[in-house]
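Student: Sharing data.csv here; it has CSV, C-alpha atoms.
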```
chain,number,residue,atom,x,y,z
Z,298,MET,CA,116.4,133.8,91.3
Z,299,SER,CA,116.3,131.3,88.4
Z,300,SER,CA,119.3,129.1,87.6
Z,301,PRO,CA,120.4,127.2,84.5
Z,302,ALA,CA,119.2,123.6,84.3
Z,303,PRO,CA,120.3,120.5,82.3
Z,304,THR,CA,119.6,121.0,78.7
Z,305,PRO,CA,116.2,119.4,77.9
Z,306,THR,CA,115.1,117.4,74.9
Z,307,LEU,CA,112.1,119.2,73.3
Z,308,LEU,CA,109.0,117.5,72.0
Z,309,THR,CA,107.4,119.6,69.4
Z,310,GLY,CA,104.7,119.1,66.8
Z,311,HIS,CA,101.4,120.1,68.6
Z,312,SER,CA,100.0,123.3,67.0
Z,313,ALA,CA,98.2,124.4,70.2
Z,314,PRO,CA,99.1,124.1,73.9
Z,315,ILE,CA,99.8,120.8,75.6
Z,316,ALA,CA,97.1,120.5,78.3
Z,317,HIS,CA,98.1,117.2,80.0
Z,318,LEU,CA,100.8,114.5,80.1
Z,319,ALA,CA,100.7,110.9,81.0
Z,320,ALA,CA,103.8,108.8,81.7
Z,321,HIS,CA,103.4,105.1,80.9
Z,322,PRO,CA,103.0,103.0,84.1
Z,323,SER,CA,105.5,100.3,83.1
Z,324,ASN,CA,107.6,101.7,80.3
Z,325,GLN,CA,109.6,104.7,81.5
Z,326,HIS,CA,110.4,105.8,77.9
Z,327,ILE,CA,106.7,106.1,76.7
Z,328,LEU,CA,104.7,109.3,77.2
Z,329,ALA,CA,101.4,110.6,76.0
Z,330,THR,CA,100.4,114.2,75.5
Z,331,ALA,CA,96.9,115.7,75.2
Z,332,SER,CA,96.6,119.0,73.3
Z,333,GLU,CA,94.2,121.8,72.6
Z,334,ASP,CA,94.8,121.1,68.9
Z,335,GLY,CA,92.4,118.2,69.1
Z,336,SER,CA,95.0,115.5,69.1
Z,337,ALA,CA,97.1,113.3,71.3
Z,338,ARG,CA,100.6,112.0,70.6
Z,339,ILE,CA,102.7,109.1,71.9
Z,340,TRP,CA,106.4,109.8,72.4
Z,341,ASP,CA,109.4,107.6,72.7
Z,342,LEU,CA,111.5,109.6,75.3
Z,343,SER,CA,114.6,107.7,74.6
Z,344,ALA,CA,114.5,108.8,70.9
Z,345,GLY,CA,112.9,112.2,71.6
Z,346,ARG,CA,110.3,111.7,68.9
Z,347,ALA,CA,106.6,111.0,68.4
Z,348,VAL,CA,105.7,107.5,67.3
Z,349,LYS,CA,101.9,107.7,67.1
Z,350,ALA,CA,99.3,110.5,66.8
Z,351,ILE,CA,95.5,110.3,67.4
Z,352,ARG,CA,93.8,113.1,65.5
Z,353,GLY,CA,90.5,114.4,64.4
Z,354,PHE,CA,88.7,115.3,67.6
Z,355,GLU,CA,86.3,118.3,67.2
Z,356,GLU,CA,87.2,119.6,70.7
Z,357,ASP,CA,90.4,120.0,72.7
Z,358,VAL,CA,91.9,116.8,74.1
Z,359,VAL,CA,92.3,117.9,77.7
Z,360,SER,CA,93.5,114.8,79.5
Z,361,CYS,CA,95.1,111.4,78.9
Z,362,ALA,CA,95.8,108.4,81.0
Z,363,TRP,CA,97.3,104.9,80.4
Z,364,GLY,CA,95.6,101.7,81.4
Z,365,ARG,CA,97.5,99.0,83.3
Z,366,ASP,CA,97.3,96.4,80.5
Z,367,GLY,CA,100.6,97.2,78.7
Z,368,GLY,CA,103.6,95.0,79.3
Z,369,GLU,CA,107.0,96.5,79.8
Z,370,ARG,CA,108.7,93.6,78.1
Z,371,GLU,CA,106.5,93.4,75.1
Z,372,GLU,CA,108.2,95.6,72.5
Z,373,GLY,CA,105.7,98.2,71.2
Z,374,ARG,CA,102.8,97.0,73.3
Z,375,TRP,CA,101.6,99.9,75.4
Z,376,GLY,CA,98.1,98.8,76.3
Z,377,THR,CA,95.1,101.2,76.4
Z,378,LEU,CA,95.3,104.9,76.2
Z,379,PHE,CA,92.3,106.9,77.5
Z,380,LEU,CA,91.6,110.4,76.2
Z,381,ALA,CA,89.1,113.0,77.4
Z,382,SER,CA,87.6,115.5,74.9
Z,383,GLY,CA,84.5,117.6,75.5
Z,384,ARG,CA,82.1,115.6,77.6
Z,385,SER,CA,83.3,112.2,76.4
Z,386,ILE,CA,86.1,109.7,77.1
Z,387,TYR,CA,87.7,107.4,74.5
Z,388,ALA,CA,89.8,104.3,74.8
Z,389,PHE,CA,92.4,103.4,72.2
Z,390,ASN,CA,94.9,100.6,71.6
Z,391,PRO,CA,97.5,102.6,69.7
Z,392,SER,CA,100.1,99.9,69.5
Z,393,LEU,CA,97.7,97.7,67.5
Z,394,SER,CA,97.5,100.2,64.7
Z,395,PRO,CA,100.1,99.7,61.8
Z,396,LEU,CA,99.8,103.4,60.9
Z,397,PRO,CA,101.4,106.3,62.7
Z,398,LEU,CA,98.3,108.5,62.4
Z,399,ILE,CA,95.2,107.1,64.1
Z,400,PRO,CA,91.8,108.6,63.5
Z,401,HIS,CA,89.7,109.4,66.5
Z,402,CYS,CA,86.9,107.4,65.2
Z,403,SER,CA,88.9,104.2,65.6
Z,404,ALA,CA,88.5,104.2,69.4
Z,405,ARG,CA,88.2,100.7,70.9
Z,406,SER,CA,85.4,101.9,73.2
Z,407,SER,CA,84.0,105.2,74.3
Z,408,TRP,CA,81.7,106.9,76.8
Z,409,PRO,CA,80.0,109.6,74.7
Z,410,ASP,CA,78.5,112.5,76.6
Z,411,LEU,CA,79.5,110.9,79.9
Z,412,ALA,CA,79.6,114.2,81.8
Z,413,ALA,CA,77.0,117.0,82.0
Z,414,ASP,CA,79.7,119.5,81.0
Z,415,ASP,CA,83.3,119.5,79.8
Z,416,ILE,CA,85.6,117.0,81.4
Z,417,ASN,CA,88.8,118.6,82.9
Z,418,LEU,CA,90.9,115.6,83.9
Z,419,ILE,CA,90.9,111.8,84.0
Z,420,ALA,CA,93.0,109.4,86.1
Z,421,ILE,CA,93.5,105.6,86.3
Z,422,ASN,CA,94.0,103.8,89.7
Z,423,GLU,CA,97.2,101.7,90.2
Z,424,LYS,CA,95.4,98.4,89.6
Z,425,GLY,CA,93.9,99.7,86.3
Z,426,THR,CA,90.4,98.7,87.4
Z,427,HIS,CA,88.8,102.1,87.6
Z,428,LEU,CA,89.0,105.5,85.8
Z,429,ALA,CA,87.9,108.7,87.5
Z,430,TRP,CA,86.9,112.0,85.9
Z,431,CYS,CA,85.9,115.5,87.0
Z,432,ASP,CA,84.0,118.2,85.1
Z,433,ASP,CA,82.9,121.8,84.9
Z,434,THR,CA,79.7,121.2,86.8
Z,435,GLY,CA,81.8,120.2,89.9
Z,436,ALA,CA,81.0,116.5,89.5
Z,437,VAL,CA,83.4,113.7,90.2
Z,438,GLY,CA,82.7,110.2,88.9
Z,439,VAL,CA,84.3,106.8,88.4
Z,440,ILE,CA,84.1,104.1,85.7
Z,441,ASN,CA,84.4,100.5,86.6
Z,442,LEU,CA,86.5,99.4,83.6
Z,443,SER,CA,85.6,95.7,83.9
Z,444,THR,CA,81.9,96.5,83.4
Z,445,SER,CA,82.2,100.0,81.6
Z,446,LYS,CA,79.6,101.3,84.1
Z,447,PRO,CA,80.0,104.9,85.3
Z,448,HIS,CA,79.0,106.1,88.7
Z,449,LEU,CA,78.7,109.7,90.0
Z,450,PHE,CA,79.8,110.6,93.5
Z,451,ARG,CA,76.9,111.5,95.7
Z,452,ARG,CA,78.3,115.0,96.4
Z,453,LYS,CA,80.2,117.4,94.1
Z,454,HIS,CA,82.2,120.5,94.2
Z,455,SER,CA,80.1,123.7,94.3
Z,456,ASN,CA,82.1,125.1,91.3
Z,457,ILE,CA,84.3,123.6,88.6
Z,458,SER,CA,86.1,120.4,89.6
Z,459,ALA,CA,89.5,121.0,88.1
Z,460,THR,CA,91.7,118.2,89.1
Z,461,LEU,CA,91.9,114.7,90.7
Z,462,THR,CA,94.2,111.7,91.3
Z,463,PHE,CA,93.9,108.2,92.8
Z,464,ARG,CA,95.9,107.5,96.0
Z,465,PRO,CA,98.4,104.6,95.8
Z,466,ASN,CA,98.1,101.9,98.5
Z,467,ARG,CA,94.7,103.2,99.4
Z,468,PRO,CA,92.7,101.4,96.8
Z,469,TRP,CA,89.4,103.2,97.2
Z,470,GLU,CA,90.6,106.8,97.6
Z,471,VAL,CA,90.4,109.7,95.2
Z,472,LEU,CA,91.7,113.2,95.9
Z,473,SER,CA,90.1,116.1,94.0
Z,474,GLY,CA,90.2,119.9,93.9
Z,475,GLY,CA,88.0,122.6,92.5
Z,476,TYR,CA,87.2,126.3,92.0
Z,477,ASP,CA,85.2,126.2,95.2
Z,478,SER,CA,88.6,126.3,97.0
Z,479,HIS,CA,87.9,122.8,98.3
Z,480,SER,CA,90.0,119.7,98.1
Z,481,ILE,CA,88.0,116.5,98.9
Z,482,LEU,CA,89.3,113.0,99.7
Z,483,TRP,CA,86.7,110.5,98.5
Z,484,ASP,CA,86.0,106.8,99.2
Z,485,PHE,CA,84.8,105.8,95.8
Z,486,SER,CA,83.6,102.4,97.0
Z,487,ARG,CA,80.9,104.4,98.8
Z,488,LEU,CA,80.8,107.3,96.3
Z,489,SER,CA,81.1,109.6,99.3
Z,490,PRO,CA,83.7,112.0,100.9
Z,491,ILE,CA,86.0,111.0,103.7
Z,492,SER,CA,87.3,114.5,104.5
Z,493,SER,CA,87.6,117.9,102.9
Z,494,LEU,CA,89.6,121.1,103.2
Z,495,ASP,CA,88.4,124.6,102.4
Z,496,LEU,CA,91.4,126.8,101.6
Z,497,ALA,CA,89.2,129.9,101.9
Z,498,SER,CA,88.1,129.1,105.4
Z,499,PRO,CA,89.1,131.3,108.3
Z,500,SER,CA,91.5,128.6,109.7
Z,501,THR,CA,93.4,128.2,106.5
Z,502,SER,CA,93.3,132.0,105.8
Z,503,ALA,CA,95.0,132.5,109.1
Z,504,GLN,CA,98.1,130.6,107.7
Z,505,GLN,CA,98.1,133.1,104.8
Z,506,GLN,CA,98.1,136.1,107.2
Z,507,THR,CA,101.2,134.7,109.0
Z,508,ASP,CA,103.0,134.3,105.6
Z,509,PRO,CA,104.9,137.5,104.9
Z,510,ASN,CA,105.3,136.5,101.2
Z,511,ALA,CA,101.5,136.1,100.7
Z,512,PHE,CA,100.1,139.0,98.7
Z,513,SER,CA,97.9,137.5,96.0
Z,514,MET,CA,94.3,138.7,95.8
Z,515,SER,CA,93.3,135.7,93.7
Z,516,PRO,CA,91.0,133.1,95.2
Z,517,PRO,CA,92.6,129.9,96.5
Z,518,PHE,CA,91.0,127.7,93.8
Z,519,VAL,CA,92.5,124.1,94.1
Z,520,LEU,CA,94.0,123.7,90.6
Z,521,SER,CA,96.4,120.7,91.2
Z,522,VAL,CA,96.7,117.8,93.6
Z,523,ALA,CA,99.3,115.0,94.0
Z,524,THR,CA,100.1,112.1,96.2
Z,525,SER,CA,103.5,110.6,96.9
Z,526,ALA,CA,104.4,107.3,95.3
Z,527,ASP,CA,103.6,105.4,98.5
Z,528,GLY,CA,100.3,107.4,99.0
Z,529,ARG,CA,101.3,108.7,102.4
Z,530,ALA,CA,101.9,112.4,101.6
Z,531,LEU,CA,99.5,114.9,99.9
Z,532,ALA,CA,100.1,118.1,98.1
Z,533,LEU,CA,97.8,120.8,96.7
Z,534,GLY,CA,98.5,123.8,94.4
Z,535,ALA,CA,96.1,126.8,94.5
Z,536,GLY,CA,95.2,129.7,92.3
Z,537,ASP,CA,96.6,132.3,94.8
Z,538,GLY,CA,100.1,130.9,94.4
Z,539,SER,CA,100.1,128.8,97.5
Z,540,VAL,CA,101.3,125.2,97.9
Z,541,TRP,CA,100.0,123.0,100.7
Z,542,VAL,CA,101.8,119.8,101.8
Z,543,SER,CA,101.3,117.2,104.4
Z,544,PRO,CA,104.3,116.2,106.6
Z,545,GLN,CA,106.2,113.1,105.6
Z,546,VAL,CA,105.3,110.1,107.7
Z,547,LYS,CA,106.9,106.8,108.0
Z,548,GLU,CA,105.2,103.4,108.0
Z,549,GLY,CA,103.5,102.7,111.3
Z,550,GLN,CA,103.8,106.3,112.5
Z,551,GLY,CA,100.0,106.8,112.5
Z,552,LYS,CA,99.6,103.7,114.7
Z,553,GLU,CA,102.4,104.7,117.1
Z,554,GLU,CA,101.3,108.3,117.6
Z,555,GLY,CA,97.5,108.0,117.0
Z,556,LYS,CA,95.1,107.0,119.7
Z,557,GLY,CA,91.4,106.5,119.5
Z,558,LYS,CA,89.8,109.0,117.1
Z,559,ARG,CA,93.1,110.5,116.1
Z,560,GLU,CA,94.3,107.2,114.8
Z,561,LYS,CA,91.3,106.8,112.7
Z,562,GLU,CA,91.7,110.3,111.3
Z,563,LYS,CA,95.4,109.7,110.4
Z,564,GLY,CA,94.6,106.4,108.8
Z,565,LYS,CA,96.4,103.1,109.2
Z,566,GLY,CA,100.2,103.3,108.6
Z,567,GLY,CA,100.5,107.0,108.8
Z,568,PHE,CA,98.6,108.1,105.7
Z,569,ALA,CA,98.0,111.8,105.9
Z,570,ARG,CA,94.6,113.4,105.8
Z,571,LEU,CA,93.7,116.7,104.3
Z,572,GLU,CA,93.6,118.4,107.7
Z,573,ASP,CA,97.3,117.6,108.1
Z,574,VAL,CA,98.4,119.8,105.1
Z,575,ARG,CA,100.3,123.0,105.8
Z,576,ARG,CA,101.0,126.1,103.7
Z,577,VAL,CA,104.5,126.5,102.3
Z,578,ALA,CA,105.4,130.2,102.6
Z,579,GLY,CA,106.2,132.2,99.4
Z,580,ALA,CA,105.7,129.3,97.0
Z,581,HIS,CA,104.6,131.1,93.8
Z,582,GLU,CA,103.4,134.5,92.6
Z,583,GLY,CA,100.9,133.0,90.1
Z,584,PRO,CA,98.4,130.0,90.0
Z,585,VAL,CA,100.0,126.7,90.8
Z,586,VAL,CA,98.8,124.5,88.0
Z,587,ALA,CA,100.9,121.4,88.7
Z,588,VAL,CA,102.4,119.7,91.7
Z,589,ALA,CA,104.2,116.3,91.8
Z,590,PHE,CA,106.4,114.3,94.1
Z,591,SER,CA,109.7,112.8,93.0
Z,592,PRO,CA,109.6,109.0,92.9
Z,593,THR,CA,111.6,108.8,96.1
Z,594,THR,CA,109.5,111.5,97.8
Z,595,LEU,CA,112.7,113.5,98.5
Z,596,HIS,CA,111.5,116.5,96.4
Z,597,LEU,CA,108.2,118.2,95.6
Z,598,LEU,CA,107.9,119.9,92.2
Z,599,THR,CA,105.6,122.8,91.6
Z,600,ALA,CA,104.8,124.8,88.5
Z,601,SER,CA,103.3,128.3,88.0
Z,602,LEU,CA,103.3,130.5,84.9
Z,603,ASN,CA,106.7,129.6,83.3
Z,604,ILE,CA,108.4,128.8,86.7
Z,605,LEU,CA,109.3,125.3,87.9
Z,606,ARG,CA,110.4,125.0,91.6
Z,607,ILE,CA,112.0,121.9,93.2
Z,608,TRP,CA,111.5,121.8,96.9
Z,609,PRO,CA,113.7,119.6,99.1
Z,610,LEU,CA,111.7,117.5,101.6
Z,611,PRO,CA,110.7,117.1,104.4
Z,612,LEU,CA,108.5,120.2,104.7
Z,613,PRO,CA,106.9,121.6,107.9
Z,614,THR,CA,105.0,119.4,110.3
Z,615,PRO,CA,101.4,120.3,111.2
Z,616,SER,CA,102.6,121.9,114.5
Z,617,ASP,CA,105.1,124.2,112.7
Z,618,PRO,CA,104.2,127.7,111.6
Z,619,PRO,CA,104.1,128.2,107.8
Z,620,THR,CA,107.8,128.4,106.7
Z,621,ARG,CA,110.1,127.6,103.9
Z,622,PRO,CA,112.6,125.1,105.5
Z,623,ALA,CA,115.1,125.3,102.6
Z,624,PRO,CA,115.1,127.5,99.4
Z,625,PRO,CA,113.8,125.7,96.4
Z,626,ARG,CA,115.6,125.4,93.1
Z,627,THR,CA,113.9,127.7,90.6
Z,628,LEU,CA,114.0,126.9,86.8
Z,629,THR,CA,112.5,128.5,83.8
Z,630,PRO,CA,112.2,125.7,81.2
Z,631,SER,CA,112.8,127.3,77.8
Z,632,PRO,CA,111.1,127.7,75.4
Z,633,LEU,CA,107.9,127.3,77.5
Z,634,SER,CA,106.1,130.6,78.1
Z,635,LYS,CA,103.5,128.9,80.3
Z,636,ILE,CA,103.6,125.5,82.0
Z,637,ASN,CA,100.4,123.4,82.1
Z,638,ALA,CA,101.4,120.0,83.2
Z,639,LEU,CA,104.2,117.8,84.8
Z,640,ALA,CA,104.9,114.1,84.4
Z,641,ILE,CA,107.6,112.1,86.2
Z,642,THR,CA,109.0,108.7,85.3
Z,643,PRO,CA,111.8,106.9,87.0
Z,644,SER,CA,114.3,108.5,84.6
Z,645,HIS,CA,112.7,111.7,83.3
Z,646,LEU,CA,110.8,114.9,84.3
Z,647,VAL,CA,108.5,116.2,81.5
Z,648,VAL,CA,107.2,119.8,81.6
Z,649,GLY,CA,104.4,120.5,79.1
Z,650,GLY,CA,102.8,123.7,78.0
Z,651,LEU,CA,103.1,126.3,75.3
Z,652,THR,CA,105.5,128.6,73.6
Z,653,ALA,CA,105.2,132.4,73.2
Z,654,THR,CA,103.5,131.8,69.9
Z,655,GLY,CA,100.9,129.3,71.3
Z,656,GLN,CA,102.4,126.1,70.0
Z,657,GLY,CA,102.5,123.0,72.3
Z,658,VAL,CA,105.8,121.9,73.5
Z,659,ALA,CA,107.2,119.6,76.2
Z,660,ALA,CA,110.7,119.8,77.8
Z,661,VAL,CA,112.2,116.4,78.8
Z,662,TYR,CA,114.9,116.5,81.6
Z,663,PRO,CA,117.0,113.6,82.9
Z,664,LEU,CA,115.5,113.4,86.4
Z,665,ALA,CA,118.5,112.4,88.4
Z,666,GLU,CA,120.6,115.2,86.9
Z,667,LEU,CA,117.9,117.7,87.5
Z,668,LEU,CA,117.3,116.8,91.1
Z,669,ALA,CA,121.0,116.8,91.7
Z,670,HIS,CA,121.4,120.3,90.2
Z,671,LYS,CA,122.1,123.0,92.7
Z,672,GLU,CA,121.0,126.6,92.7
Z,673,GLY,CA,123.6,128.8,91.0
Z,674,GLU,CA,125.5,126.0,89.3
Z,675,PRO,CA,126.1,126.4,85.6
```
Kindly present the structure from the file in structure tokens form.
Tutor:
Amino acid sequence: MSSPAPTPTLLTGHSAPIAHLAAHPSNQHILATASEDGSARIWDLSAGRAVKAIRGFEEDVVSCAWGRDGGEREEGRWGTLFLASGRSIYAFNPSLSPLPLIPHCSARSSWPDLAADDINLIAINEKGTHLAWCDDTGAVGVINLSTSKPHLFRRKHSNISATLTFRPNRPWEVLSGGYDSHSILWDFSRLSPISSLDLASPSTSAQQQTDPNAFSMSPPFVLSVATSADGRALALGAGDGSVWVSPQVKEGQGKEEGKGKREKEKGKGGFARLEDVRRVAGAHEGPVVAVAFSPTTLHLLTASLNILRIWPLPLPTPSDPPTRPAPPRTLTPSPLSKINALAITPSHLVVGGLTATGQGVAAVYPLAELLAHKEGEP
């Protein structure tokens, strides 16, 4: 059952769906949107309006990511905004332009035809030293931003690589997911995998069989991935409507409980591995296109179709059977008819996608009020 939510501020102006969102890493009021209308926009969330637009791309702008060179205390200084369109990546300094409309040809730097096929997502690590991308060939790669040199990982997904993210406090780790139903945790210093999980394998399929709410015939493509703010927890969203989450672990737990090989698998300080994730029963009825942890890791947010669900944590431990420990809050952010992306700042949740007429829109919620909202309250 859906329940009312705090009234959001709507960000409108894109003529086609919003594909991706990027919250600024140091200014909680600045957000970037990437759209299938061939443009990106920069928004001031405190004013609820666009302050810059980058336009003129021949193909969809599918992803955006902020560099780490923008100072919070420098008014109007946002640093570098990276955009992905087609097979290429572009870098802009939008705050240096005196005009609100910025042509795509004014990119500070670019990596034309970087990928062998269309890029699906880009991400920046927490230090701002590397950018990762994934593409339709299944490839995953990383750019050293100090040298501008790209590197492809030695392995790749056997089908489209749909999503990825860097892992906080694990400076060399990237988590990716693809249409081969695999999620892979990479060590990008070695350009090689650390571990992987096949959601279509017999062992993970057994969890579906014990879930009375699992009925989807869709393949479990890994469409979305997330890490908690401290990097300890992992979450995956799949095409069959399933959500997979690792148990919450506290600092030092891996050392206290792990011995020998198990300690190495868990990682120092209790950082979960992919083999630790468990299925959450009855998560969604459609593809889970976005997953995100709240800043305090007290909630997990998941999105499918036009449904947003907020799950209280902790969720099951690896030894527990698949279960829903507490019912989630279920919201339908109006006027979105389909959700494509989520972004979380310390003060806001932004839900991006499209209206029934195909226009891009984002709904901005006050985060504290939304997380405090209870099912059935007006």
Student: Using all atoms listed in the file, which protein or nucleic acid residues come within 7 Å of Leu328 (chain Z)? Drop anything in the same chain fewer than 2 positions from it, and give the result as a VMD selection string.
Tutor: chain Z and resid 319 to 321 326 330 339 to 341
Student: For Arg464 (chain Z), work out the shell of residues within 7 Å, counting only C-alpha atoms and skipping chain neighbours fewer than 3 positions away, then give it as a PDB file with C-alpha atoms, in the coordinates of the input.
Tutor:
```
ATOM      1  CA  ARG Z 467      94.700 103.200  99.400  1.00  0.00           C
ATOM      2  CA  PRO Z 468      92.700 101.400  96.800  1.00  0.00           C
ATOM      3  CA  GLU Z 470      90.600 106.800  97.600  1.00  0.00           C
ATOM      4  CA  VAL Z 471      90.400 109.700  95.200  1.00  0.00           C
ATOM      5  CA  THR Z 524     100.100 112.100  96.200  1.00  0.00           C
ATOM      6  CA  GLY Z 528     100.300 107.400  99.000  1.00  0.00           C
TER       7      GLY Z 528
END
```
Student: Between Z:Ala429, Z:Leu533, Z:Leu520, Z:Leu418, which one has atoms that come closest to Asn441 (chain Z), using only C-alpha atoms?
Tutor: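 Comparing Z:Ala429, Z:Leu533, Z:Leu520, Z:Leu418 against Asn441 (chain Z), the winner is Z:Ala429.
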Student: Give me, as a list in words, all polymer residues having an atom no more than 7 Å from Pro517 (chain Z), counting all atoms listed in the file and skipping those fewer than 3 positions away in the same chain.
Tutor: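 So the residues in contact are Ser478, Leu496, Ala497, Ala535, Gly536 and Asp537 of chain Z.
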Student: In Å, rounded to a single decimal, give me how far CA of Leu442 (chain Z) is from CA of Ala412 (chain Z).
Tutor: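 Going from CA of Ala412 (chain Z) over to CA of Leu442 (chain Z) covers 16.4 Å.
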Student: Could you work out how far CA of Gly650 (chain Z) lies from CA of Ile607 (chain Z), giving the answer in Å with one decimal?
Tutor: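 Taking CA of Ile607 (chain Z) as the start and CA of Gly650 (chain Z) as the end point, the length is 17.9 Å.
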Student: Residues at most 6 Å from Gly438 (chain Z), counting all atoms listed in the file, excluding those fewer than 2 positions away in the same chain, as a list in words?
Tutor: Ala429, Trp430, His448, Leu449 and Phe450 of chain Z
Student: Looking at Z:Thr444, Z:Thr629, Z:Thr593, Z:Ser500, which one is nearest to Arg576 (chain Z), with distances taken over only C-alpha atoms?
Tutor: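 The shortest atom-to-atom distance to Arg576 (chain Z) comes from Z:Ser500.
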Student: One decimal, Å: what's the distance from CA of Leu488 (chain Z) over to CA of Ala587 (chain Z), could you say?
Tutor: 25.7 Å
Student: Quick one: of Z:Val661, Z:Ala459, Z:Leu628, Z:Val359, who's nearest to Val586 (chain Z), counting all atoms listed in the file?
Tutor: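 That would be Z:Ala459, the residue with the smallest distance to Val586 (chain Z).
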